[in-house]
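So this block is target-v9.json, JSON, C-alpha atoms and all ligand atoms:
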```json
[["chain", "number", "residue", "atom", "x", "y", "z"],
["A", 1, "MET", "CA", -20.08, 20.76, 7.52],
["A", 2, "LYS", "CA", -19.21, 17.14, 6.84],
["A", 3, "PHE", "CA", -20.12, 15.82, 3.39],
["A", 4, "ILE", "CA", -18.54, 12.72, 1.85],
["A", 5, "VAL", "CA", -18.52, 11.80, -1.83],
["A", 6, "ALA", "CA", -17.43, 8.22, -2.59],
["A", 7, "ILE", "CA", -16.37, 7.49, -6.16],
["A", 8, "ASP", "CA", -15.46, 3.88, -6.89],
["A", 9, "GLY", "CA", -14.84, 2.09, -10.15],
["A", 10, "THR", "CA", -12.80, -0.16, -12.36],
["A", 11, "ALA", "CA", -9.19, 0.53, -13.39],
["A", 12, "ALA", "CA", -8.86, 3.37, -15.92],
["A", 13, "SER", "CA", -12.58, 4.11, -15.80],
["A", 14, "GLY", "CA", -11.86, 7.83, -15.47],
["A", 15, "LYS", "CA", -12.95, 7.96, -11.81],
["A", 16, "GLY", "CA", -9.79, 9.80, -10.71],
["A", 17, "THR", "CA", -10.21, 12.66, -13.17],
["A", 18, "LEU", "CA", -13.90, 12.96, -12.34],
["A", 19, "ALA", "CA", -13.21, 12.87, -8.60],
["A", 20, "LYS", "CA", -10.52, 15.55, -8.80],
["A", 21, "LYS", "CA", -12.71, 17.86, -10.89],
["A", 22, "THR", "CA", -15.62, 17.31, -8.51],
["A", 23, "ALA", "CA", -13.51, 18.22, -5.49],
["A", 24, "ASN", "CA", -12.27, 21.38, -7.23],
["A", 25, "HIS", "CA", -15.78, 22.38, -8.23],
["A", 26, "PHE", "CA", -17.19, 22.19, -4.69],
["A", 27, "GLY", "CA", -14.00, 23.19, -2.85],
["A", 28, "PHE", "CA", -13.87, 19.76, -1.17],
["A", 29, "LYS", "CA", -10.67, 17.96, -0.14],
["A", 30, "TYR", "CA", -9.64, 15.11, -2.43],
["A", 31, "LEU", "CA", -8.00, 11.75, -1.74],
["A", 32, "ASP", "CA", -6.94, 9.33, -4.48],
["A", 33, "THR", "CA", -6.92, 6.16, -2.35],
["A", 34, "GLY", "CA", -5.22, 4.14, -5.11],
["A", 35, "ILE", "CA", -2.06, 6.16, -4.51],
["A", 36, "LEU", "CA", -1.93, 4.76, -0.94],
["A", 37, "TYR", "CA", -1.81, 1.17, -2.22],
["A", 38, "ARG", "CA", 0.64, 2.18, -4.92],
["A", 39, "VAL", "CA", 3.06, 3.81, -2.47],
["A", 40, "VAL", "CA", 2.98, 0.74, -0.20],
["A", 41, "ALA", "CA", 3.73, -1.44, -3.25],
["A", 42, "TYR", "CA", 6.60, 0.87, -4.22],
["A", 43, "TYR", "CA", 8.01, 0.95, -0.68],
["A", 44, "LEU", "CA", 7.94, -2.84, -0.32],
["A", 45, "LYS", "CA", 9.62, -3.27, -3.68],
["A", 46, "SER", "CA", 12.32, -0.66, -3.16],
["A", 47, "SER", "CA", 13.04, -1.75, 0.43],
["A", 48, "GLU", "CA", 13.14, -5.38, -0.69],
["A", 49, "ILE", "CA", 10.85, -6.45, 2.12],
["A", 50, "HIS", "CA", 9.76, -10.01, 1.56],
["A", 51, "SER", "CA", 8.72, -10.90, 5.09],
["A", 52, "GLU", "CA", 5.31, -10.31, 6.66],
["A", 53, "ILE", "CA", 4.16, -6.72, 6.08],
["A", 54, "SER", "CA", 4.06, -4.70, 9.31],
["A", 55, "LYS", "CA", 2.18, -1.63, 10.51],
["A", 56, "GLN", "CA", 5.52, 0.18, 10.57],
["A", 57, "ASN", "CA", 6.04, -0.63, 6.86],
["A", 58, "ILE", "CA", 2.73, 1.02, 6.04],
["A", 59, "GLN", "CA", 3.56, 4.11, 8.11],
["A", 60, "ASP", "CA", 6.97, 4.40, 6.44],
["A", 61, "SER", "CA", 5.36, 4.04, 3.01],
["A", 62, "LEU", "CA", 2.92, 6.87, 3.69],
["A", 63, "LYS", "CA", 5.78, 9.13, 4.78],
["A", 64, "LEU", "CA", 7.02, 8.99, 1.18],
["A", 65, "LEU", "CA", 3.85, 10.74, 0.04],
["A", 66, "PHE", "CA", 4.63, 13.69, 2.31],
["A", 67, "ASN", "CA", 8.24, 13.93, 1.19],
["A", 68, "LYS", "CA", 8.38, 16.81, -1.27],
["A", 69, "ASP", "CA", 11.34, 15.24, -3.08],
["A", 70, "PHE", "CA", 9.46, 12.04, -3.81],
["A", 71, "GLN", "CA", 8.30, 11.79, -7.42],
["A", 72, "LEU", "CA", 4.72, 10.58, -7.66],
["A", 73, "SER", "CA", 5.35, 9.59, -11.29],
["A", 74, "LEU", "CA", 7.33, 6.59, -9.90],
["A", 75, "LEU", "CA", 3.98, 5.14, -8.81],
["A", 76, "ARG", "CA", 2.33, 5.27, -12.21],
["A", 77, "ASN", "CA", 3.64, 2.35, -14.17],
["A", 78, "LYS", "CA", 2.52, -1.14, -15.09],
["A", 79, "GLU", "CA", 4.66, -2.92, -12.49],
["A", 80, "ILE", "CA", 3.48, -0.82, -9.55],
["A", 81, "SER", "CA", -0.15, -0.96, -10.76],
["A", 82, "LEU", "CA", -0.09, -4.74, -10.66],
["A", 83, "LYS", "CA", 1.86, -4.94, -7.41],
["A", 84, "ALA", "CA", -0.57, -2.49, -5.76],
["A", 85, "SER", "CA", -3.46, -4.70, -6.82],
["A", 86, "ILE", "CA", -1.70, -7.79, -5.42],
["A", 87, "ILE", "CA", -0.75, -6.30, -2.03],
["A", 88, "SER", "CA", -4.21, -4.78, -1.64],
["A", 89, "LYS", "CA", -5.57, -8.15, -0.59],
["A", 90, "ASN", "CA", -3.37, -8.11, 2.53],
["A", 91, "LYS", "CA", -5.30, -7.51, 5.76],
["A", 92, "ILE", "CA", -2.57, -5.53, 7.52],
["A", 93, "VAL", "CA", -2.29, -3.22, 4.51],
["A", 94, "ARG", "CA", -6.07, -2.70, 4.24],
["A", 95, "ASP", "CA", -6.65, -2.23, 7.99],
["A", 96, "ASN", "CA", -3.94, 0.39, 8.32],
["A", 97, "LEU", "CA", -4.93, 2.30, 5.21],
["A", 98, "LEU", "CA", -8.57, 2.17, 6.32],
["A", 99, "THR", "CA", -7.84, 4.28, 9.41],
["A", 100, "TYR", "CA", -6.03, 6.86, 7.31],
["A", 101, "GLN", "CA", -8.84, 7.04, 4.73],
["A", 102, "ARG", "CA", -11.61, 7.34, 7.32],
["A", 103, "GLU", "CA", -9.82, 10.15, 9.14],
["A", 104, "PHE", "CA", -9.39, 11.96, 5.84],
["A", 105, "ALA", "CA", -13.06, 11.48, 4.92],
["A", 106, "MET", "CA", -14.33, 12.88, 8.23],
["A", 107, "GLN", "CA", -12.68, 16.29, 7.83],
["A", 108, "GLU", "CA", -14.85, 19.37, 7.88],
["A", 109, "GLY", "CA", -15.66, 21.12, 4.63],
["A", 110, "GLY", "CA", -16.49, 18.17, 2.37],
["A", 111, "THR", "CA", -14.33, 15.37, 0.98],
["A", 112, "VAL", "CA", -14.14, 13.30, -2.18],
["A", 113, "LEU", "CA", -12.42, 9.89, -2.10],
["A", 114, "ASP", "CA", -11.95, 7.65, -5.09],
["A", 115, "GLY", "CA", -11.03, 3.97, -5.04],
["A", 116, "ARG", "CA", -12.55, 0.49, -5.06],
["A", 117, "ASP", "CA", -14.26, 0.09, -1.68],
["A", 118, "ILE", "CA", -15.09, 3.63, -0.58],
["A", 119, "GLY", "CA", -18.87, 3.32, -0.82],
["A", 120, "THR", "CA", -18.93, -0.23, 0.53],
["A", 121, "VAL", "CA", -16.32, -0.32, 3.34],
["A", 122, "VAL", "CA", -14.39, 2.90, 3.92],
["A", 123, "CYS", "CA", -17.40, 5.25, 4.00],
["A", 124, "PRO", "CA", -20.60, 3.18, 3.89],
["A", 125, "ASN", "CA", -22.49, 6.28, 5.10],
["A", 126, "ALA", "CA", -21.15, 8.57, 2.37],
["A", 127, "ASP", "CA", -23.62, 11.27, 1.30],
["A", 128, "VAL", "CA", -23.20, 10.52, -2.39],
["A", 129, "LYS", "CA", -21.89, 7.27, -3.90],
["A", 130, "ILE", "CA", -20.96, 6.82, -7.52],
["A", 131, "PHE", "CA", -19.62, 3.75, -9.30],
["A", 132, "VAL", "CA", -17.82, 4.52, -12.57],
["A", 133, "ASP", "CA", -17.29, 1.93, -15.27],
["A", 134, "ALA", "CA", -16.81, 1.65, -19.03],
["A", 135, "ASP", "CA", -16.26, -1.14, -21.55],
["A", 136, "ILE", "CA", -12.79, -2.65, -21.29],
["A", 137, "GLU", "CA", -11.82, -1.72, -24.89],
["A", 138, "ILE", "CA", -12.81, 1.88, -24.29],
["A", 139, "ARG", "CA", -10.91, 2.12, -21.00],
["A", 140, "ALA", "CA", -7.84, 0.56, -22.59],
["A", 141, "LYS", "CA", -7.99, 2.92, -25.57],
["A", 142, "ARG", "CA", -8.16, 5.94, -23.26],
["A", 143, "ARG", "CA", -5.19, 4.66, -21.25],
["A", 144, "TYR", "CA", -3.31, 3.94, -24.48],
["A", 145, "ASN", "CA", -3.81, 7.52, -25.65],
["A", 146, "GLN", "CA", -2.59, 8.86, -22.27],
["A", 147, "TYR", "CA", 0.53, 6.67, -22.29],
["A", 148, "LEU", "CA", 1.30, 7.45, -25.92],
["A", 149, "LYS", "CA", 2.55, 10.90, -24.92],
["A", 150, "HIS", "CA", 5.36, 9.32, -22.84],
["A", 151, "ASN", "CA", 5.97, 5.96, -24.45],
["A", 152, "SER", "CA", 5.73, 4.96, -28.07],
["A", 153, "ASN", "CA", 6.40, 1.21, -27.52],
["A", 154, "LEU", "CA", 2.86, 0.48, -26.57],
["A", 155, "ASN", "CA", 0.48, -2.24, -27.49],
["A", 156, "LEU", "CA", -3.26, -1.92, -26.95],
["A", 157, "ARG", "CA", -3.59, -5.68, -26.36],
["A", 158, "ASP", "CA", -1.11, -5.47, -23.42],
["A", 159, "ILE", "CA", -3.13, -2.68, -21.83],
["A", 160, "ILE", "CA", -6.36, -4.67, -22.18],
["A", 161, "ASP", "CA", -4.63, -7.64, -20.53],
["A", 162, "GLU", "CA", -3.24, -5.52, -17.68],
["A", 163, "LEU", "CA", -6.59, -3.87, -16.89],
["A", 164, "THR", "CA", -8.45, -7.18, -17.09],
["A", 165, "LYS", "CA", -5.97, -8.85, -14.76],
["A", 166, "ARG", "CA", -6.18, -6.02, -12.25],
["A", 167, "ASP", "CA", -10.00, -5.87, -12.31],
["A", 168, "ASN", "CA", -10.10, -9.62, -11.72],
["A", 169, "PHE", "CA", -7.73, -9.39, -8.74],
["A", 170, "ASP", "CA", -9.65, -6.44, -7.33],
["A", 171, "ARG", "CA", -13.11, -7.98, -7.84],
["A", 172, "ASN", "CA", -12.24, -11.42, -6.53],
["A", 173, "ARG", "CA", -10.18, -10.70, -3.43],
["A", 174, "GLN", "CA", -11.72, -11.69, -0.13],
["A", 175, "LEU", "CA", -11.34, -8.39, 1.74],
["A", 176, "SER", "CA", -13.20, -5.32, 0.49],
["A", 177, "PRO", "CA", -13.41, -6.36, -3.16],
["A", 178, "LEU", "CA", -14.11, -3.92, -5.94],
["A", 179, "ALA", "CA", -17.89, -3.63, -5.96],
["A", 180, "SER", "CA", -20.60, -1.08, -6.38],
["A", 181, "ALA", "CA", -22.50, -0.21, -3.21],
["A", 182, "LYS", "CA", -26.20, -1.03, -3.50],
["A", 183, "ASP", "CA", -27.08, 2.65, -3.17],
["A", 184, "ALA", "CA", -24.44, 3.92, -5.63],
["A", 185, "TYR", "CA", -25.30, 5.69, -8.86],
["A", 186, "LEU", "CA", -23.87, 3.67, -11.77],
["A", 187, "LEU", "CA", -22.09, 5.94, -14.19],
["A", 188, "ASP", "CA", -21.17, 4.14, -17.41],
["A", 189, "THR", "CA", -18.81, 6.42, -19.29],
["A", 190, "SER", "CA", -18.48, 4.18, -22.38],
["A", 191, "ASN", "CA", -20.58, 6.40, -24.60],
["A", 192, "ILE", "CA", -20.48, 9.78, -22.93],
["A", 193, "THR", "CA", -17.87, 12.55, -22.86],
["A", 194, "PRO", "CA", -15.93, 13.39, -19.66],
["A", 195, "ALA", "CA", -17.93, 16.66, -19.57],
["A", 196, "GLU", "CA", -21.23, 14.77, -19.59],
["A", 197, "GLY", "CA", -20.03, 12.44, -16.82],
["A", 198, "PHE", "CA", -18.90, 15.39, -14.75],
["A", 199, "LYS", "CA", -22.24, 17.18, -15.24],
["A", 200, "LYS", "CA", -24.13, 14.14, -13.94],
["A", 201, "ILE", "CA", -21.96, 13.99, -10.80],
["A", 202, "ILE", "CA", -22.45, 17.71, -10.16],
["A", 203, "GLN", "CA", -26.23, 17.23, -10.43],
["A", 204, "LEU", "CA", -26.23, 14.32, -7.97],
["A", 205, "ILE", "CA", -24.18, 16.21, -5.40],
["A", 206, "SER", "CA", -26.03, 19.51, -5.80],
["A", 207, "LYS", "CA", -29.35, 17.75, -5.27],
["A", 208, "LYS", "CA", -28.07, 16.16, -2.06],
["A", 209, "LEU", "CA", -26.54, 19.40, -0.78],
["A", 210, "LYS", "CA", -29.87, 21.22, -1.19],
["A", 211, "LYS", "CA", -31.71, 18.72, 1.01],
["B", 301, "LIG", "O1", -7.01, 3.40, -8.41],
["B", 301, "LIG", "P1", -5.64, 2.77, -8.74],
["B", 301, "LIG", "O2", -5.61, 2.16, -10.11],
["B", 301, "LIG", "O3", -4.53, 3.77, -8.56],
["B", 301, "LIG", "O4", -5.44, 1.60, -7.66],
["B", 301, "LIG", "C1", -4.32, 0.75, -7.67],
["B", 301, "LIG", "C2", -4.67, -0.54, -6.93],
["B", 301, "LIG", "O5", -4.86, -0.28, -5.54],
["B", 301, "LIG", "C3", -5.95, -1.22, -7.39],
["B", 301, "LIG", "O6", -5.74, -2.09, -8.48],
["B", 301, "LIG", "C4", -6.41, -1.94, -6.15],
["B", 301, "LIG", "C5", -5.89, -1.10, -5.01],
["B", 301, "LIG", "N1", -6.94, -0.26, -4.39],
["B", 301, "LIG", "C6", -7.77, -0.87, -3.47],
["B", 301, "LIG", "O7", -7.67, -2.07, -3.24],
["B", 301, "LIG", "N2", -8.70, -0.13, -2.81],
["B", 301, "LIG", "C7", -8.84, 1.18, -3.06],
["B", 301, "LIG", "N3", -9.75, 1.89, -2.39],
["B", 301, "LIG", "C8", -8.01, 1.81, -4.02],
["B", 301, "LIG", "C9", -7.09, 1.06, -4.69]]
```
Rewrite the coordinates I just gave you, this time as structure tokens.
Ligand code: DC
Amino acid sequence: MKFIVAIDGTAASGKGTLAKKTANHFGFKYLDTGILYRVVAYYLKSSEIHSEISKQNIQDSLKLLFNKDFQLSLLRNKEISLKASIISKNKIVRDNLLTYQREFAMQEGGTVLDGRDIGTVVCPNADVKIFVDADIEIRAKRRYNQYLKHNSNLNLRDIIDELTKRDNFDRNRQLSPLASAKDAYLLDTSNITPAEGFKKIIQLISKKLKK
């Protein structure tokens, strides 16, 4: 059985957590597509590549993700978040990652992919499409609370600025901008709990699976 769930949304909207839980619930395979852009950003930075990005660069970046000694936590910081957003407008980067994402999505047994352009470009024929969003202050507050466990020198204003900047880059780039597909279900998590958001997604998928 092939069944694709596309979950897109703004930065720190909670889409990743919802997508992971959804995949676990149905026994589907899960791909966080943001990590692909992040690892390319990390690779380019650490290899000090300033010339034109090549297909080989992208392949070498992805190899890092399959290296068991590579620490994924290196990809989750402010610098890499912003760099990932900047390099994601590059055509060579997008084209090469597109192939990888589509192959992943087409696997048997059901897949969940989360990102910015899954329902619009990567998998326009996905069986279920969801677009997750929440007010910027609420997203920033959630991110602030997550970061607080690791870093006490935080400022909520800085997080609001970072998320706003990234959403603007992602929404306004020419290629595959952050956007909700016309047939996506809009899930605004501003005033609901993660459990309520998750329940809604389960309902949408279950309904489609029964058809
Ligand atoms: O989901 P994330 O915050 O880890 O994504 C990091 C950046 O990667 C995001 O700001 C833009 C880019 N990205 C993208 O352009 N397309 C995707 N499908 C996923 C992420």
(message) Let me see if you get this right: every residue at most 8 Å from ligand LIG 301 (chain B), counting only C-alpha atoms and all ligand atoms, written as a ChimeraX atom specification.
(response) /A:8,10-12,16,32-38,76,81-89,94,114-118,122,166-167,169-170,176-178
Resulting file, chosen residues, C-alpha atoms, as a PDB file, in the frame of the given file:
```
ATOM      1  CA  ASP A   8     -15.460   3.880  -6.890  1.00  0.00           C
ATOM      2  CA  THR A  10     -12.800  -0.160 -12.360  1.00  0.00           C
ATOM      3  CA  ALA A  11      -9.190   0.530 -13.390  1.00  0.00           C
ATOM      4  CA  ALA A  12      -8.860   3.370 -15.920  1.00  0.00           C
ATOM      5  CA  GLY A  16      -9.790   9.800 -10.710  1.00  0.00           C
ATOM      6  CA  ASP A  32      -6.940   9.330  -4.480  1.00  0.00           C
ATOM      7  CA  THR A  33      -6.920   6.160  -2.350  1.00  0.00           C
ATOM      8  CA  GLY A  34      -5.220   4.140  -5.110  1.00  0.00           C
ATOM      9  CA  ILE A  35      -2.060   6.160  -4.510  1.00  0.00           C
ATOM     10  CA  LEU A  36      -1.930   4.760  -0.940  1.00  0.00           C
ATOM     11  CA  TYR A  37      -1.810   1.170  -2.220  1.00  0.00           C
ATOM     12  CA  ARG A  38       0.640   2.180  -4.920  1.00  0.00           C
ATOM     13  CA  ARG A  76       2.330   5.270 -12.210  1.00  0.00           C
ATOM     14  CA  SER A  81      -0.150  -0.960 -10.760  1.00  0.00           C
ATOM     15  CA  LEU A  82      -0.090  -4.740 -10.660  1.00  0.00           C
ATOM     16  CA  LYS A  83       1.860  -4.940  -7.410  1.00  0.00           C
ATOM     17  CA  ALA A  84      -0.570  -2.490  -5.760  1.00  0.00           C
ATOM     18  CA  SER A  85      -3.460  -4.700  -6.820  1.00  0.00           C
ATOM     19  CA  ILE A  86      -1.700  -7.790  -5.420  1.00  0.00           C
ATOM     20  CA  ILE A  87      -0.750  -6.300  -2.030  1.00  0.00           C
ATOM     21  CA  SER A  88      -4.210  -4.780  -1.640  1.00  0.00           C
ATOM     22  CA  LYS A  89      -5.570  -8.150  -0.590  1.00  0.00           C
ATOM     23  CA  ARG A  94      -6.070  -2.700   4.240  1.00  0.00           C
ATOM     24  CA  ASP A 114     -11.950   7.650  -5.090  1.00  0.00           C
ATOM     25  CA  GLY A 115     -11.030   3.970  -5.040  1.00  0.00           C
ATOM     26  CA  ARG A 116     -12.550   0.490  -5.060  1.00  0.00           C
ATOM     27  CA  ASP A 117     -14.260   0.090  -1.680  1.00  0.00           C
ATOM     28  CA  ILE A 118     -15.090   3.630  -0.580  1.00  0.00           C
ATOM     29  CA  VAL A 122     -14.390   2.900   3.920  1.00  0.00           C
ATOM     30  CA  ARG A 166      -6.180  -6.020 -12.250  1.00  0.00           C
ATOM     31  CA  ASP A 167     -10.000  -5.870 -12.310  1.00  0.00           C
ATOM     32  CA  PHE A 169      -7.730  -9.390  -8.740  1.00  0.00           C
ATOM     33  CA  ASP A 170      -9.650  -6.440  -7.330  1.00  0.00           C
ATOM     34  CA  SER A 176     -13.200  -5.320   0.490  1.00  0.00           C
ATOM     35  CA  PRO A 177     -13.410  -6.360  -3.160  1.00  0.00           C
ATOM     36  CA  LEU A 178     -14.110  -3.920  -5.940  1.00  0.00           C
TER      37      LEU A 178
END
```
(request) For range 51-59 of chain A, please output as a PyMOL selection string all residues within 12 Å (counting all atoms listed in the file; exclusion window: fewer than 6 positions along the same chain). (result) chain A and resi 36-45+65-66+87-100
Quick one: 5 Å padding each side, axis-aligned, all listed atoms of range 71-89 of chain A - centre and edge lengths in Å to one decimal, as AutoDock Vina command-line options?
```
--center_x 1.4 --center_y 1.8 --center_z -7.8 --size_x 23.9 --size_y 29.9 --size_z 24.5
```
(request) Would you please work out which residue, of A:Asp60, A:Ala184, A:Lys78, A:Lys29, is nearest to Asp161 in chain A when using all atoms listed in the file? (result)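 Answer, going by the shortest atom-to-atom distance: A:Lys78.
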(message) Using Å and a single decimal, report how far CA of Ser13 in chain A sits from CA of Arg157 in chain A.
(response)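 Separation between CA of Arg157 in chain A and CA of Ser13 in chain A: 17.0 Å.
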May I have the residues within 10 Å of Lys199 in chain A as a compact mmCIF listing (two decimals) with C-alpha atoms, in the frame of the given file, using all atoms listed in the file and disregarding those fewer than 5 positions away in the same chain?
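Once everything was written out, this is out.txt:
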```
# COMPACT_ATOMS: atom_id res chain seq x y z
CA LEU A 18 -13.90 12.96 -12.34
CA THR A 22 -15.62 17.31 -8.51
CA THR A 193 -17.87 12.55 -22.86
CA PRO A 194 -15.93 13.39 -19.66
CA LEU A 204 -26.23 14.32 -7.97
```
(message) Just checking: using only C-alpha atoms, which residue out of A:Leu154, A:Val5, A:Ala126, A:Ala195 ends up closest to Thr17 in chain A?
(response)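 Closest candidate: A:Ala195.
Every residue within 12 Å of the file position (-17.4, 10.3, -23.4), judged by all atoms listed in the file, is given as A:Ser13, A:Gly14, A:Leu18, A:Asp133, A:Ala134, A:Asp135, A:Ile138, A:Arg139, A:Arg142, A:Leu187, A:Asp188, A:Thr189, A:Ser190, A:Asn191, A:Ile192, A:Thr193, A:Pro194, A:Ala195, A:Glu196, A:Gly197, A:Phe198, A:Lys199.
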(message) To one decimal place in Å, what is the distance between CA of Ser206 in chain A and CA of Val132 in chain A?
(response) 18.4 Å
(request) Find the distance between CA of Ile80 in chain A and CA of Asn172 in chain A and write it in Å to one decimal. (result) 19.2 Å
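With distances taken over all atoms listed in the file, A:Ile136 is the one residue among A:Tyr147, A:Met106, A:Leu186, A:Ile136 lying closest to Thr164 in chain A.
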(request) Give the answer as one residue: which of A:Pro124, A:Ile201, A:Phe28, A:Lys141 has the shortest atom-to-atom distance to Glu108 in chain A, using all atoms listed in the file? (result)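 Ranking A:Pro124, A:Ile201, A:Phe28, A:Lys141 by distance to Glu108 in chain A, first place goes to A:Phe28.
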Which residues are near His150 in chain A? Cut-off 12 Å, only C-alpha atoms, ignore same chain within fewer than 4 positions. Put them as a PDB file with C-alpha atoms, in the coordinates of the input.
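Produced file part.pdb, reproduced below:
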```pdb
ATOM      1  CA  SER A  73       5.350   9.590 -11.290  1.00  0.00           C
ATOM      2  CA  ARG A  76       2.330   5.270 -12.210  1.00  0.00           C
ATOM      3  CA  ASN A  77       3.640   2.350 -14.170  1.00  0.00           C
ATOM      4  CA  ARG A 143      -5.190   4.660 -21.250  1.00  0.00           C
ATOM      5  CA  TYR A 144      -3.310   3.940 -24.480  1.00  0.00           C
ATOM      6  CA  ASN A 145      -3.810   7.520 -25.650  1.00  0.00           C
ATOM      7  CA  GLN A 146      -2.590   8.860 -22.270  1.00  0.00           C
ATOM      8  CA  LEU A 154       2.860   0.480 -26.570  1.00  0.00           C
TER       9      LEU A 154
END
```
Using the incomplete input, complete range 58-65 of chain A to the level of all heavy atoms; output as a JSON list (two decimals), keeping the file's coordinate frame.
```json
[["chain", "number", "residue", "atom", "x", "y", "z"],
["A", 58, "ILE", "N", 3.79, 0.19, 6.65],
["A", 58, "ILE", "CA", 2.73, 1.02, 6.04],
["A", 58, "ILE", "C", 2.97, 2.49, 6.40],
["A", 58, "ILE", "O", 2.88, 3.38, 5.56],
["A", 58, "ILE", "CB", 1.30, 0.61, 6.54],
["A", 58, "ILE", "CG1", 1.11, -0.90, 6.50],
["A", 58, "ILE", "CG2", 0.20, 1.36, 5.79],
["A", 58, "ILE", "CD1", 1.11, -1.52, 5.15],
["A", 59, "GLN", "N", 3.31, 2.73, 7.68],
["A", 59, "GLN", "CA", 3.56, 4.11, 8.11],
["A", 59, "GLN", "C", 4.74, 4.71, 7.35],
["A", 59, "GLN", "O", 4.70, 5.86, 6.92],
["A", 59, "GLN", "CB", 3.79, 4.17, 9.61],
["A", 59, "GLN", "CG", 2.48, 4.00, 10.37],
["A", 59, "GLN", "CD", 2.67, 3.77, 11.85],
["A", 59, "GLN", "OE1", 3.79, 3.58, 12.33],
["A", 59, "GLN", "NE2", 1.57, 3.75, 12.59],
["A", 60, "ASP", "N", 5.80, 3.90, 7.17],
["A", 60, "ASP", "CA", 6.97, 4.40, 6.44],
["A", 60, "ASP", "C", 6.63, 4.66, 4.97],
["A", 60, "ASP", "O", 7.15, 5.61, 4.37],
["A", 60, "ASP", "CB", 8.12, 3.38, 6.54],
["A", 60, "ASP", "CG", 8.70, 3.32, 7.95],
["A", 60, "ASP", "OD1", 8.46, 4.27, 8.72],
["A", 60, "ASP", "OD2", 9.37, 2.32, 8.28],
["A", 61, "SER", "N", 5.77, 3.83, 4.41],
["A", 61, "SER", "CA", 5.36, 4.04, 3.01],
["A", 61, "SER", "C", 4.65, 5.38, 2.87],
["A", 61, "SER", "O", 4.95, 6.17, 1.97],
["A", 61, "SER", "CB", 4.36, 2.97, 2.55],
["A", 61, "SER", "OG", 4.82, 1.70, 2.81],
["A", 62, "LEU", "N", 3.71, 5.63, 3.79],
["A", 62, "LEU", "CA", 2.92, 6.87, 3.69],
["A", 62, "LEU", "C", 3.79, 8.12, 3.83],
["A", 62, "LEU", "O", 3.50, 9.15, 3.23],
["A", 62, "LEU", "CB", 1.79, 6.88, 4.74],
["A", 62, "LEU", "CG", 0.69, 5.83, 4.52],
["A", 62, "LEU", "CD1", -0.39, 5.94, 5.59],
["A", 62, "LEU", "CD2", 0.05, 5.95, 3.15],
["A", 63, "LYS", "N", 4.87, 7.98, 4.61],
["A", 63, "LYS", "CA", 5.78, 9.13, 4.78],
["A", 63, "LYS", "C", 6.32, 9.59, 3.43],
["A", 63, "LYS", "O", 6.58, 10.77, 3.22],
["A", 63, "LYS", "CB", 6.94, 8.75, 5.70],
["A", 63, "LYS", "CG", 6.58, 8.87, 7.16],
["A", 63, "LYS", "CD", 7.81, 8.64, 8.02],
["A", 63, "LYS", "CE", 7.38, 8.18, 9.41],
["A", 63, "LYS", "NZ", 8.33, 7.26, 10.03],
["A", 64, "LEU", "N", 6.51, 8.64, 2.51],
["A", 64, "LEU", "CA", 7.02, 8.99, 1.18],
["A", 64, "LEU", "C", 6.11, 10.01, 0.49],
["A", 64, "LEU", "O", 6.58, 10.91, -0.21],
["A", 64, "LEU", "CB", 7.11, 7.75, 0.28],
["A", 64, "LEU", "CG", 8.26, 6.77, 0.50],
["A", 64, "LEU", "CD1", 8.09, 5.57, -0.43],
["A", 64, "LEU", "CD2", 9.59, 7.46, 0.22],
["A", 65, "LEU", "N", 4.81, 9.84, 0.70],
["A", 65, "LEU", "CA", 3.85, 10.74, 0.04],
["A", 65, "LEU", "C", 3.97, 12.18, 0.54],
["A", 65, "LEU", "O", 3.58, 13.11, -0.14],
["A", 65, "LEU", "CB", 2.40, 10.26, 0.27],
["A", 65, "LEU", "CG", 1.98, 8.97, -0.42],
["A", 65, "LEU", "CD1", 0.54, 8.65, -0.08],
["A", 65, "LEU", "CD2", 2.14, 9.07, -1.93]]
```
